[in-house]
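S.K.: Input coords08.pdb, format and content: PDB, C-alpha atoms and all ligand atoms.
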MODEL        1
ATOM      1  CA  MET H  78     204.415  56.413 106.413
ATOM      2  CA  SER H  79     205.550  59.548 108.225
ATOM      3  CA  VAL H  80     208.434  59.335 110.695
ATOM      4  CA  PRO H  81     207.178  58.537 114.224
ATOM      5  CA  LEU H  82     207.593  61.369 116.687
ATOM      6  CA  LEU H  83     208.872  58.940 119.293
ATOM      7  CA  GLU H  84     210.266  55.455 118.981
ATOM      8  CA  ALA H  85     211.344  53.026 121.699
ATOM      9  CA  ARG H  86     213.593  50.265 120.379
ATOM     10  CA  ALA H  87     214.203  47.213 122.525
ATOM     11  CA  LEU H  88     214.454  49.216 125.747
ATOM     12  CA  ILE H  89     215.937  47.435 128.734
ATOM     13  CA  LYS H  90     216.414  48.594 132.304
ATOM     14  CA  ASP H  91     218.179  46.582 134.963
ATOM     15  CA  TYR H  92     218.171  47.471 138.642
ATOM     16  CA  GLY H  93     220.963  45.264 139.929
ATOM     17  CA  ALA H  94     219.940  41.705 139.168
ATOM     18  CA  GLN H  95     216.342  42.712 138.507
ATOM     19  CA  ARG H  96     215.260  43.439 134.928
ATOM     20  CA  ALA H  97     212.473  46.019 135.349
ATOM     21  CA  VAL H  98     212.007  46.570 131.597
ATOM     22  CA  ASN H  99     212.758  43.713 129.268
ATOM     23  CA  GLY H 100     212.865  44.695 125.582
ATOM     24  CA  VAL H 101     210.079  47.215 125.049
ATOM     25  CA  SER H 102     209.525  48.585 121.530
ATOM     26  CA  PHE H 103     206.826  50.857 120.122
ATOM     27  CA  THR H 104     206.316  53.959 118.032
ATOM     28  CA  VAL H 105     204.125  57.007 118.595
ATOM     29  CA  ALA H 106     202.935  58.862 115.490
ATOM     30  CA  PRO H 107     202.533  62.656 115.610
ATOM     31  CA  GLY H 108     199.169  63.776 116.978
ATOM     32  CA  ARG H 109     198.409  60.407 118.594
ATOM     33  CA  CYS H 110     197.848  59.419 122.179
ATOM     34  CA  PHE H 111     199.715  56.277 123.211
ATOM     35  CA  GLY H 112     198.757  54.581 126.464
ATOM     36  CA  LEU H 113     200.882  52.329 128.670
ATOM     37  CA  LEU H 114     198.836  50.132 130.973
ATOM     38  CA  GLY H 115     199.734  47.485 133.458
ATOM     39  CA  PRO H 116     199.548  46.395 137.080
ATOM     40  CA  ASN H 117     201.798  47.716 139.823
ATOM     41  CA  GLY H 118     205.409  46.853 139.149
ATOM     42  CA  ALA H 119     204.854  46.060 135.448
ATOM     43  CA  GLY H 120     207.561  48.517 134.390
ATOM     44  CA  LYS H 121     205.445  51.433 133.105
ATOM     45  CA  THR H 122     207.061  54.156 135.167
ATOM     46  CA  THR H 123     210.557  52.869 134.428
ATOM     47  CA  THR H 124     209.781  52.801 130.694
ATOM     48  CA  VAL H 125     208.357  56.309 130.754
ATOM     49  CA  GLU H 126     211.255  57.632 132.827
ATOM     50  CA  MET H 127     213.636  56.370 130.151
ATOM     51  CA  LEU H 128     211.534  58.055 127.456
ATOM     52  CA  GLU H 129     211.511  61.274 129.466
ATOM     53  CA  GLY H 130     215.292  61.253 129.746
ATOM     54  CA  ILE H 131     215.174  60.892 133.538
ATOM     55  CA  THR H 132     216.581  57.358 133.713
ATOM     56  CA  ALA H 133     219.315  56.025 131.423
ATOM     57  CA  PRO H 134     218.387  52.756 129.649
ATOM     58  CA  SER H 135     220.568  49.696 130.270
ATOM     59  CA  GLY H 136     219.961  48.745 126.641
ATOM     60  CA  GLY H 137     218.056  49.789 123.533
ATOM     61  CA  GLU H 138     217.472  53.103 121.900
ATOM     62  CA  ILE H 139     215.105  56.074 121.996
ATOM     63  CA  LEU H 140     214.518  58.049 118.811
ATOM     64  CA  PHE H 141     212.802  61.424 118.583
ATOM     65  CA  ARG H 142     211.749  62.502 115.088
ATOM     66  CA  GLY H 143     213.798  59.593 113.764
ATOM     67  CA  ALA H 144     217.099  60.516 115.466
ATOM     68  CA  PRO H 145     218.623  59.512 118.821
ATOM     69  CA  VAL H 146     217.479  61.922 121.529
ATOM     70  CA  GLY H 147     219.831  64.877 121.840
ATOM     71  CA  ARG H 148     220.538  67.844 124.057
ATOM     72  CA  ASP H 149     217.453  69.772 122.918
ATOM     73  CA  TYR H 150     215.083  66.948 123.805
ATOM     74  CA  PRO H 151     214.045  68.414 127.219
ATOM     75  CA  GLU H 152     212.848  71.561 125.406
ATOM     76  CA  GLU H 153     210.624  69.427 123.198
ATOM     77  CA  ILE H 154     208.781  67.500 125.880
ATOM     78  CA  GLY H 155     206.323  68.347 128.651
ATOM     79  CA  LEU H 156     206.141  66.265 131.806
ATOM     80  CA  MET H 157     203.215  65.924 134.130
ATOM     81  CA  PHE H 158     204.314  63.806 137.064
ATOM     82  CA  GLN H 159     201.959  62.194 139.485
ATOM     83  CA  SER H 160     203.349  64.034 142.476
ATOM     84  CA  THR H 161     205.097  67.222 141.409
ATOM     85  CA  ALA H 162     205.348  69.440 144.464
ATOM     86  CA  LEU H 163     203.696  72.794 143.911
ATOM     87  CA  GLN H 164     205.146  75.458 146.154
ATOM     88  CA  ASP H 165     202.380  75.990 148.699
ATOM     89  CA  PHE H 166     202.926  79.703 149.089
ATOM     90  CA  LEU H 167     203.004  80.578 145.417
ATOM     91  CA  THR H 168     199.775  81.464 143.698
ATOM     92  CA  VAL H 169     198.840  79.578 140.552
ATOM     93  CA  ARG H 170     199.805  82.663 138.531
ATOM     94  CA  GLU H 171     203.244  82.812 140.186
ATOM     95  CA  ALA H 172     203.821  79.076 139.782
ATOM     96  CA  LEU H 173     203.036  79.266 136.055
ATOM     97  CA  ASP H 174     205.301  82.274 135.649
ATOM     98  CA  THR H 175     208.151  80.532 137.469
ATOM     99  CA  PHE H 176     207.973  77.405 135.326
ATOM    100  CA  GLY H 177     207.474  79.369 132.106
ATOM    101  CA  HIS H 178     210.761  81.167 132.633
ATOM    102  CA  LEU H 179     212.686  77.893 132.636
ATOM    103  CA  TYR H 180     212.180  77.475 128.895
ATOM    104  CA  ARG H 181     213.317  79.225 125.733
ATOM    105  CA  ARG H 182     210.053  78.435 123.977
ATOM    106  CA  ARG H 183     207.066  79.569 125.985
ATOM    107  CA  ALA H 184     203.301  79.240 125.696
ATOM    108  CA  ALA H 185     201.381  82.535 125.915
ATOM    109  CA  PHE H 186     200.216  82.897 129.522
ATOM    110  CA  ASP H 187     196.598  83.769 128.691
ATOM    111  CA  ALA H 188     196.253  80.924 126.222
ATOM    112  CA  LEU H 189     197.549  78.459 128.794
ATOM    113  CA  VAL H 190     195.138  79.741 131.440
ATOM    114  CA  ARG H 191     192.208  79.462 129.038
ATOM    115  CA  ARG H 192     193.244  76.057 127.755
ATOM    116  CA  CYS H 193     193.506  74.507 131.211
ATOM    117  CA  ALA H 194     190.539  76.464 132.624
ATOM    118  CA  LEU H 195     192.505  78.119 135.439
ATOM    119  CA  GLU H 196     190.729  81.510 135.384
ATOM    120  CA  GLU H 197     188.744  80.987 138.571
ATOM    121  CA  PHE H 198     191.684  80.215 140.835
ATOM    122  CA  LEU H 199     194.646  82.019 139.271
ATOM    123  CA  ASP H 200     195.318  84.045 142.397
ATOM    124  CA  GLN H 201     194.746  81.240 144.862
ATOM    125  CA  TYR H 202     197.637  79.613 146.724
ATOM    126  CA  ALA H 203     198.576  76.118 145.591
ATOM    127  CA  ASN H 204     197.766  74.603 149.000
ATOM    128  CA  THR H 205     194.125  75.743 148.718
ATOM    129  CA  LEU H 206     193.368  73.951 145.436
ATOM    130  CA  SER H 207     191.102  70.931 145.010
ATOM    131  CA  GLY H 208     192.590  67.759 143.515
ATOM    132  CA  GLY H 209     191.115  68.485 140.094
ATOM    133  CA  GLN H 210     192.291  72.108 140.100
ATOM    134  CA  ARG H 211     195.773  71.019 141.109
ATOM    135  CA  GLN H 212     195.977  68.533 138.251
ATOM    136  CA  ARG H 213     194.947  71.271 135.815
ATOM    137  CA  VAL H 214     197.730  73.503 137.113
ATOM    138  CA  LEU H 215     200.227  70.648 136.743
ATOM    139  CA  LEU H 216     198.992  70.123 133.195
ATOM    140  CA  ALA H 217     199.435  73.835 132.432
ATOM    141  CA  ILE H 218     202.994  73.624 133.779
ATOM    142  CA  ALA H 219     203.662  70.608 131.547
ATOM    143  CA  LEU H 220     202.412  72.638 128.578
ATOM    144  CA  ALA H 221     204.411  75.770 129.490
ATOM    145  CA  ASN H 222     207.095  75.152 126.838
ATOM    146  CA  ARG H 223     204.584  74.265 124.080
ATOM    147  CA  PRO H 224     205.940  70.707 123.967
ATOM    148  CA  ALA H 225     205.806  68.575 120.842
ATOM    149  CA  LEU H 226     205.353  65.568 123.098
ATOM    150  CA  LEU H 227     203.448  65.475 126.367
ATOM    151  CA  PHE H 228     203.946  62.795 129.042
ATOM    152  CA  LEU H 229     201.096  62.248 131.493
ATOM    153  CA  ASP H 230     201.829  59.873 134.366
ATOM    154  CA  GLU H 231     198.595  58.632 135.911
ATOM    155  CA  PRO H 232     197.104  62.115 135.659
ATOM    156  CA  THR H 233     193.733  61.353 137.249
ATOM    157  CA  THR H 234     194.734  59.032 140.087
ATOM    158  CA  GLY H 235     192.939  60.113 143.243
ATOM    159  CA  LEU H 236     190.450  62.430 141.516
ATOM    160  CA  ASP H 237     186.727  62.061 142.062
ATOM    161  CA  PRO H 238     184.730  60.862 139.030
ATOM    162  CA  GLN H 239     183.550  64.356 138.088
ATOM    163  CA  ALA H 240     187.023  65.897 138.227
ATOM    164  CA  ARG H 241     188.331  62.916 136.291
ATOM    165  CA  ARG H 242     185.783  63.447 133.491
ATOM    166  CA  ARG H 243     186.579  67.139 133.373
ATOM    167  CA  PHE H 244     190.283  66.314 133.034
ATOM    168  CA  TRP H 245     189.562  63.820 130.234
ATOM    169  CA  GLU H 246     187.687  66.533 128.324
ATOM    170  CA  LEU H 247     190.690  68.774 128.692
ATOM    171  CA  ILE H 248     193.060  66.116 127.370
ATOM    172  CA  ARG H 249     190.752  65.479 124.427
ATOM    173  CA  GLU H 250     190.821  69.181 123.569
ATOM    174  CA  ILE H 251     194.604  69.257 123.838
ATOM    175  CA  LYS H 252     194.783  66.237 121.581
ATOM    176  CA  ALA H 253     192.382  67.807 119.103
ATOM    177  CA  GLY H 254     194.856  70.706 118.962
ATOM    178  CA  GLY H 255     197.417  68.292 117.508
ATOM    179  CA  SER H 256     199.477  67.376 120.603
ATOM    180  CA  THR H 257     201.176  63.996 120.834
ATOM    181  CA  ILE H 258     200.714  62.280 124.187
ATOM    182  CA  VAL H 259     202.188  59.341 126.083
ATOM    183  CA  LEU H 260     199.891  58.396 128.960
ATOM    184  CA  THR H 261     200.332  55.885 131.748
ATOM    185  CA  THR H 262     197.230  54.923 133.643
ATOM    186  CA  HIS H 263     195.593  52.358 135.862
ATOM    187  CA  TYR H 264     192.173  53.271 134.535
ATOM    188  CA  LEU H 265     191.173  51.197 131.556
ATOM    189  CA  GLU H 266     188.215  53.469 130.874
ATOM    190  CA  GLU H 267     190.632  56.391 130.676
ATOM    191  CA  ALA H 268     192.813  54.523 128.189
ATOM    192  CA  HIS H 269     189.817  53.513 126.113
ATOM    193  CA  LEU H 270     188.551  57.085 125.950
ATOM    194  CA  LEU H 271     191.791  58.903 125.282
ATOM    195  CA  CYS H 272     194.227  56.569 123.546
ATOM    196  CA  ASP H 273     194.537  55.795 119.838
ATOM    197  CA  GLU H 274     196.803  52.914 120.722
ATOM    198  CA  ILE H 275     197.642  51.121 123.932
ATOM    199  CA  ALA H 276     200.321  48.731 125.105
ATOM    200  CA  ILE H 277     199.600  46.448 128.043
ATOM    201  CA  MET H 278     202.727  45.691 130.073
ATOM    202  CA  ASP H 279     203.380  42.901 132.525
ATOM    203  CA  HIS H 280     206.686  41.756 134.025
ATOM    204  CA  GLY H 281     208.677  44.315 132.022
ATOM    205  CA  ARG H 282     207.315  43.307 128.615
ATOM    206  CA  ILE H 283     204.495  44.404 126.314
ATOM    207  CA  ILE H 284     201.990  41.546 126.215
ATOM    208  CA  ALA H 285     199.409  43.150 123.892
ATOM    209  CA  GLN H 286     199.409  46.246 121.743
ATOM    210  CA  GLY H 287     197.019  47.943 119.334
ATOM    211  CA  ARG H 288     193.971  50.180 119.033
ATOM    212  CA  PRO H 289     191.664  49.530 122.014
ATOM    213  CA  ALA H 290     188.695  48.566 119.825
ATOM    214  CA  ALA H 291     190.829  46.280 117.638
ATOM    215  CA  LEU H 292     192.378  44.584 120.673
ATOM    216  CA  LEU H 293     188.929  43.848 122.031
ATOM    217  CA  ALA H 294     187.620  42.657 118.676
ATOM    218  CA  ASP H 295     190.624  40.324 118.321
ATOM    219  CA  HIS H 296     189.995  38.707 121.686
ATOM    220  CA  PHE H 297     186.236  38.773 122.165
ATOM    221  CA  ASP H 298     183.261  38.274 119.896
ATOM    222  CA  GLU H 299     180.568  37.842 122.506
ATOM    223  CA  SER H 300     178.193  40.217 124.254
ATOM    224  CA  ILE H 301     177.146  39.640 127.824
ATOM    225  CA  LEU H 302     173.480  39.790 128.841
ATOM    226  CA  ILE H 303     173.004  40.320 132.557
ATOM    227  CA  LEU H 304     169.781  39.436 134.351
ATOM    228  CA  PRO H 305     168.881  39.674 138.060
ATOM    229  CA  PRO H 306     169.268  36.394 140.034
ATOM    230  CA  GLU H 307     165.482  35.933 140.335
ATOM    231  CA  GLN H 308     165.392  35.171 136.618
ATOM    232  CA  ALA H 309     167.215  31.850 137.155
ATOM    233  CA  PRO H 310     164.040  29.735 136.582
ATOM    234  CA  ALA H 311     163.278  31.572 133.322
ATOM    235  CA  LEU H 312     166.830  30.927 132.132
ATOM    236  CA  ALA H 313     166.417  27.243 132.951
ATOM    237  CA  ARG H 314     163.142  27.177 130.972
ATOM    238  CA  ALA H 315     164.921  28.814 128.039
ATOM    239  CA  GLY H 316     167.773  26.320 128.263
ATOM    240  CA  LEU H 317     170.365  29.117 128.478
ATOM    241  CA  ALA H 318     173.581  28.648 130.418
ATOM    242  CA  ALA H 319     174.493  31.515 132.712
ATOM    243  CA  GLN H 320     177.290  32.376 135.061
ATOM    244  CA  GLU H 321     176.507  33.701 138.483
ATOM    245  CA  THR H 322     178.568  36.818 139.197
ATOM    246  CA  LEU H 323     178.392  39.763 141.555
ATOM    247  CA  HIS H 324     176.464  41.648 138.874
ATOM    248  CA  GLY H 325     173.816  38.979 138.360
ATOM    249  CA  LEU H 326     173.348  36.090 135.950
ATOM    250  CA  GLU H 327     175.614  36.599 132.947
ATOM    251  CA  ILE H 328     174.870  34.985 129.594
ATOM    252  CA  ALA H 329     177.660  35.221 127.009
ATOM    253  CA  THR H 330     176.300  35.178 123.484
ATOM    254  CA  ARG H 331     177.295  35.881 119.892
ATOM    255  CA  ALA H 332     173.601  36.126 118.879
ATOM    256  CA  VAL H 333     171.994  38.779 121.060
ATOM    257  CA  ASN H 334     168.714  38.978 119.100
ATOM    258  CA  GLN H 335     168.218  35.240 119.124
ATOM    259  CA  THR H 336     168.941  34.988 122.855
ATOM    260  CA  LEU H 337     166.492  37.788 123.614
ATOM    261  CA  ARG H 338     163.807  36.108 121.475
ATOM    262  CA  ARG H 339     164.359  32.874 123.401
ATOM    263  CA  LEU H 340     163.954  34.722 126.712
ATOM    264  CA  LEU H 341     160.723  36.373 125.532
ATOM    265  CA  GLU H 342     159.362  32.996 124.403
ATOM    266  CA  VAL H 343     159.631  31.671 127.963
ATOM    267  CA  ASP H 344     158.136  34.870 129.421
ATOM    268  CA  ALA H 345     161.286  36.008 131.226
ATOM    269  CA  ASP H 346     160.984  39.408 132.902
ATOM    270  CA  LEU H 347     163.490  41.573 131.012
ATOM    271  CA  SER H 348     162.906  44.768 132.999
ATOM    272  CA  GLY H 349     166.226  44.342 134.835
ATOM    273  CA  LEU H 350     168.191  43.339 131.716
ATOM    274  CA  ARG H 351     171.565  44.901 130.982
ATOM    275  CA  ILE H 352     173.857  44.211 128.050
ATOM    276  CA  ARG H 353     177.560  44.865 127.954
ATOM    277  CA  THR H 354     180.371  44.140 125.547
ATOM    278  CA  ALA H 355     183.859  43.126 126.629
ATOM    279  CA  THR H 356     186.013  45.863 128.156
ATOM    280  CA  LEU H 357     189.753  46.346 128.451
ATOM    281  CA  GLU H 358     189.332  45.083 132.022
ATOM    282  CA  ASP H 359     188.119  41.713 130.621
ATOM    283  CA  LEU H 360     191.041  41.688 128.204
ATOM    284  CA  PHE H 361     193.508  42.416 130.943
ATOM    285  CA  LEU H 362     192.087  39.648 133.072
ATOM    286  CA  GLU H 363     192.271  37.210 130.173
ATOM    287  CA  LEU H 364     195.875  38.112 129.331
ATOM    288  CA  THR H 365     197.323  38.249 132.811
ATOM    289  CA  GLY H 366     194.910  36.232 134.909
ATOM    290  CA  ARG H 367     194.718  39.226 137.239
ATOM    291  CA  GLU H 368     192.517  42.253 137.738
ATOM    292  CA  LEU H 369     194.367  45.452 136.849
ATOM    293  CA  ARG H 370     193.623  47.054 140.160
ATOM    294  CA  GLY H 371     194.120  43.886 142.176
TER     295      GLY H 371
HETATM  296  P1  LIG H 401     203.251  51.267 139.362
HETATM  297  O1  LIG H 401     201.962  51.165 138.643
HETATM  298  O2  LIG H 401     203.186  50.674 140.729
HETATM  299  O3  LIG H 401     203.851  52.629 139.329
HETATM  300  P2  LIG H 401     205.065  50.393 137.265
HETATM  301  O4  LIG H 401     204.449  49.562 136.206
HETATM  302  O5  LIG H 401     205.241  51.822 136.967
HETATM  303  O6  LIG H 401     204.266  50.234 138.621
HETATM  304  P3  LIG H 401     207.877  50.368 137.834
HETATM  305  O7  LIG H 401     207.782  51.442 138.871
HETATM  306  O8  LIG H 401     208.467  50.734 136.532
HETATM  307  O9  LIG H 401     206.442  49.712 137.597
HETATM  308  O10 LIG H 401     208.687  49.158 138.471
HETATM  309  C1  LIG H 401     209.095  48.003 137.752
HETATM  310  C2  LIG H 401     209.958  47.116 138.648
HETATM  311  O11 LIG H 401     211.218  47.761 138.861
HETATM  312  C3  LIG H 401     209.354  46.889 140.023
HETATM  313  O12 LIG H 401     209.602  45.566 140.396
HETATM  314  C4  LIG H 401     210.104  47.866 140.912
HETATM  315  O13 LIG H 401     210.223  47.356 142.224
HETATM  316  C5  LIG H 401     211.474  47.950 140.239
HETATM  317  N1  LIG H 401     212.101  49.276 140.424
HETATM  318  C6  LIG H 401     211.597  50.457 140.010
HETATM  319  N2  LIG H 401     212.445  51.473 140.313
HETATM  320  C7  LIG H 401     213.498  50.922 140.959
HETATM  321  C8  LIG H 401     214.727  51.432 141.536
HETATM  322  N3  LIG H 401     214.996  52.732 141.502
HETATM  323  N4  LIG H 401     215.549  50.560 142.090
HETATM  324  C9  LIG H 401     215.283  49.222 142.127
HETATM  325  N5  LIG H 401     214.169  48.684 141.602
HETATM  326  C10 LIG H 401     213.286  49.498 141.029
ENDMDL
END
I need this file expressed as C-alpha cells, please.
M.R.:
Amino acid sequence: MSVPLLEARALIKDYGAQRAVNGVSFTVAPGRCFGLLGPNGAGKTTTVEMLEGITAPSGGEILFRGAPVGRDYPEEIGLMFQSTALQDFLTVREALDTFGHLYRRRAAFDALVRRCALEEFLDQYANTLSGGQRQRVLLAIALANRPALLFLDEPTTGLDPQARRRFWELIREIKAGGSTIVLTTHYLEEAHLLCDEIAIMDHGRIIAQGRPAALLADHFDESILILPPEQAPALARAGLAAQETLHGLEIATRAVNQTLRRLLEVDADLSGLRIRTATLEDLFLELTGRELRG
C-alpha cells in the first residue's frame, strides 16, 4: 500500500484536567476525502487544529508523507476556516492577491478564479458577497498555495441549500483533480456525498470509522417503508407492525417486495408510499443515542 499522505497516531489533547481528544488515530490516503463527524464538543476542531499545526498535541504523533511534520508543512496545506475574516474593504481580486503573496508556491490566479467560479464578483468588496460567494472566496484562498492537503472546517454551515449544493459540486471537482481533503462537518448528507471515509467522534474518541456505505451496511440491513397515518387499518389487516413517527407509519423490513405484495393483497392505498434506507443520521443515533444536530 502507498504511504498515507497524512497519519494521526494516538493523538491526545488535554485542556487542564479535561481531555478533549483521547487517542485518535487514522490515515488519509492521497486523493481521498476524509470526514470527521460528531456532535458539538466531540473534539473534531481540536483534532483538526492539531493536524493543521495550530495546536500542539499533548500526546501522539502526526506524520505527513510518512515523516513527522516539519517546518515546510504549512506550505503543503491549505486551510479553510469557518470564520476567516475577509478584509471588508478589499475586493475579491485584492484579497486573493494578498494571500497568494504569502506563499512560495502559488496557484495561477486565473485558474483559481475559474476553479472556484469567482468571475462574476472579482471586483466586488468582500462585505457585499453572499454567504455562498464568500465561502468560494475562502476556498480559493485555501487553494492559493496549491496545497497537497486541504482542510475544510464546516465549509457549508449557514449556507442555504442551493449554495450548499453548489459548494459540494465545487469540492467534488477539486477532489476529481486529485486533491486530498480533510473535512469536518455537521451535515451527514455532506459527508456521505463527499467523503471516501468518515470517522464519527464522540467524547474525544473515534467511535466508528469506514466508508459511509460500508458503515451503513455493517449496522443496518433493513429498508423503511413509510405510509401516511390513514393507512393504519390496512396495516392491521396485513398484520404488519409499524412505528408511528413524525414522518408517518414506518415499517422496517428486510423483504421489501414481500411486504409490498402483502400490502397490495389487503388493498392498501400505496399512493403516499415512500421508501428509505438507513442514513448516517440513523447510524449516529444508534451509536451515540443522540441526534447529531441535537
Ligand atoms: P463543535 O462542533 O462544537 O465545534 P468539536 O467537536 O469541534 O465541537 P472541540 O471544539 O474540539 O469540539 O471541543 C472539544 C472539547 O474541548 C470541548 O469540551 C471544549 O469545551 C474543549 N475545548 C476546546 N478548546 C478548548 C480550549 N481552548 N480550552 C479549554 N477547553 C477547550
S.K.: Apply the PyMOL selection byres (((chain H and resi 205) around 12) and not hetatm) to the structure shown and report the selected residues as a ChimeraX atom specification.
M.R.: /H:163-169,198-204,206-211
S.K.: Per residue of region 197-242 of chain H within 9 Å of region 178-188 of chain H, record the nearest atom pair and its distance in Å to one decimal, counting only C-alpha atoms, with rows in chain order and ascending residue number, as a tab-separated table.
M.R.:
residue	atom	partner	partner_atom	distance
H:Leu220	CA	H:Ala184	CA	7.3
H:Ala221	CA	H:Ala184	CA	5.3
H:Asn222	CA	H:Arg183	CA	4.5
H:Arg223	CA	H:Ala184	CA	5.4
H:Pro224	CA	H:Arg182	CA	8.8
S.K.: Could you check which residues have any atom within 6 Å of (172.9, 42.0, 128.1), counting all atoms listed in the file with coordinates taken straight from the file, and then list them as a ChimeraX atom specification?
M.R.: /H:301-303,351-353
S.K.: Which residue is closest to Arg249 (chain H)? Choose from H:Gly325, H:Gly108, H:Gly147, H:Gly316 and count only C-alpha atoms.
M.R.: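 Checking each of H:Gly325, H:Gly108, H:Gly147, H:Gly316 against Arg249 (chain H), counting only C-alpha atoms, the winner is H:Gly108.
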S.K.: Which residue gives the smallest distance to ligand LIG 401 (chain H) among H:Glu299, H:Glu342, H:Asp273, H:Asp279, with only C-alpha atoms and all ligand atoms counted?
M.R.: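 Once distances to ligand LIG 401 (chain H) are computed over only C-alpha atoms and all ligand atoms, the minimum belongs to H:Asp279.
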S.K.: What is the distance between CA of Gln239 (chain H) and CA of Thr122 (chain H), in Å to one decimal?
M.R.: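 These atoms are spaced 25.8 Å apart.
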S.K.: Given the choices H:Gly93, H:Gly366, H:Gly118, H:Pro289, which gets closest to ligand LIG 401 (chain H) if the distance is worked out from all atoms listed in the file?
M.R.: H:Gly118
S.K.: Residues at most 12 Å from ligand LIG 401 (chain H), using only C-alpha atoms and all ligand atoms? Could they come as number ranges by chain?
M.R.: H: 89-99, 113-127, 131-133, 158-160, 230-231, 234, 260-264, 276-283, 369-371
S.K.: As AutoDock Vina command-line options, please: the centre and edge lengths in Å, to one decimal, of an axis-aligned box enclosing every listed atom of region 109-115 of chain H with 5 Å added on each side.
M.R.:
--center_x 199.4 --center_y 53.9 --center_z 126.0 --size_x 13.0 --size_y 22.9 --size_z 24.9
S.K.: Quick one: distance from CA of Arg170 (chain H) to CA of Met157 (chain H) in Å, one decimal?
M.R.: 17.6 Å
S.K.: Determine the nearest neighbour of Ala268 (chain H) from the options H:Ile154, H:Gly136, H:Gln308, H:Ala290, counting all atoms listed in the file.
M.R.: H:Ala290
S.K.: Record the distance separating CA of Ala345 (chain H) and CA of Ala318 (chain H), expressed in Å with one decimal.
M.R.: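 One can read the CA of Ala345 (chain H) to CA of Ala318 (chain H) distance as 14.4 Å.
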S.K.: If we count only C-alpha atoms and set the cut-off at 10 Å, which residues sit around Asp346 (chain H), ignoring sequence neighbours fewer than 4 positions away in its own chain? Please answer as a ChimeraX atom specification.
M.R.: /H:304-305,307-308,311,340-341,350
S.K.: Please enumerate the residues selected by the PyMOL selection byres (((chain H and resi 297) around 10) and not hetatm) when evaluated against the supplied file, formatted as a list in words.
M.R.: Ala291, Leu292, Leu293, Ala294, Asp295, His296, Asp298, Glu299, Ser300, Arg331, Thr354, Ala355, Thr356, Asp359 and Leu360 of chain H
S.K.: If you count only C-alpha atoms, which residues fall within 12 Å of Ile251 (chain H), apart from same-chain ones fewer than 6 positions away, as number ranges by chain?
M.R.: H: 108-110, 189, 191-193, 216-217, 219-220, 223-227, 244-245, 257-258, 271
S.K.: Given the file shown, enumerate the residues that the PyMOL selection byres (((chain H and resi 104) around 10) and not hetatm) captures and present them as JSON, numbers by chain.
M.R.: {"H": [80, 81, 82, 83, 84, 85, 86, 102, 103, 105, 106, 107, 111, 139, 140, 141, 274]}
S.K.: Limited to C-alpha atoms, could you put the picked residues into a file as a PDB file, in the frame of the given file?
M.R.:
ATOM      1  CA  VAL H  80     208.434  59.335 110.695  1.00  0.00           C
ATOM      2  CA  PRO H  81     207.178  58.537 114.224  1.00  0.00           C
ATOM      3  CA  LEU H  82     207.593  61.369 116.687  1.00  0.00           C
ATOM      4  CA  LEU H  83     208.872  58.940 119.293  1.00  0.00           C
ATOM      5  CA  GLU H  84     210.266  55.455 118.981  1.00  0.00           C
ATOM      6  CA  ALA H  85     211.344  53.026 121.699  1.00  0.00           C
ATOM      7  CA  ARG H  86     213.593  50.265 120.379  1.00  0.00           C
ATOM      8  CA  SER H 102     209.525  48.585 121.530  1.00  0.00           C
ATOM      9  CA  PHE H 103     206.826  50.857 120.122  1.00  0.00           C
ATOM     10  CA  VAL H 105     204.125  57.007 118.595  1.00  0.00           C
ATOM     11  CA  ALA H 106     202.935  58.862 115.490  1.00  0.00           C
ATOM     12  CA  PRO H 107     202.533  62.656 115.610  1.00  0.00           C
ATOM     13  CA  PHE H 111     199.715  56.277 123.211  1.00  0.00           C
ATOM     14  CA  ILE H 139     215.105  56.074 121.996  1.00  0.00           C
ATOM     15  CA  LEU H 140     214.518  58.049 118.811  1.00  0.00           C
ATOM     16  CA  PHE H 141     212.802  61.424 118.583  1.00  0.00           C
ATOM     17  CA  GLU H 274     196.803  52.914 120.722  1.00  0.00           C
TER      18      GLU H 274
END
S.K.: Under the rule that only C-alpha atoms are counted, which of H:Val259, H:Gln212, H:Gly349, H:Pro306 is the nearest residue to Leu128 (chain H)?
M.R.: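 For Leu128 (chain H), the nearest of the candidates is H:Val259.
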S.K.: I'd like to know which of H:Arg213, H:Ala285, H:Ile218, H:Gly137 is closest to Ala172 (chain H), using only C-alpha atoms.
M.R.: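 Under the stated criterion, the closest residue is H:Ile218.
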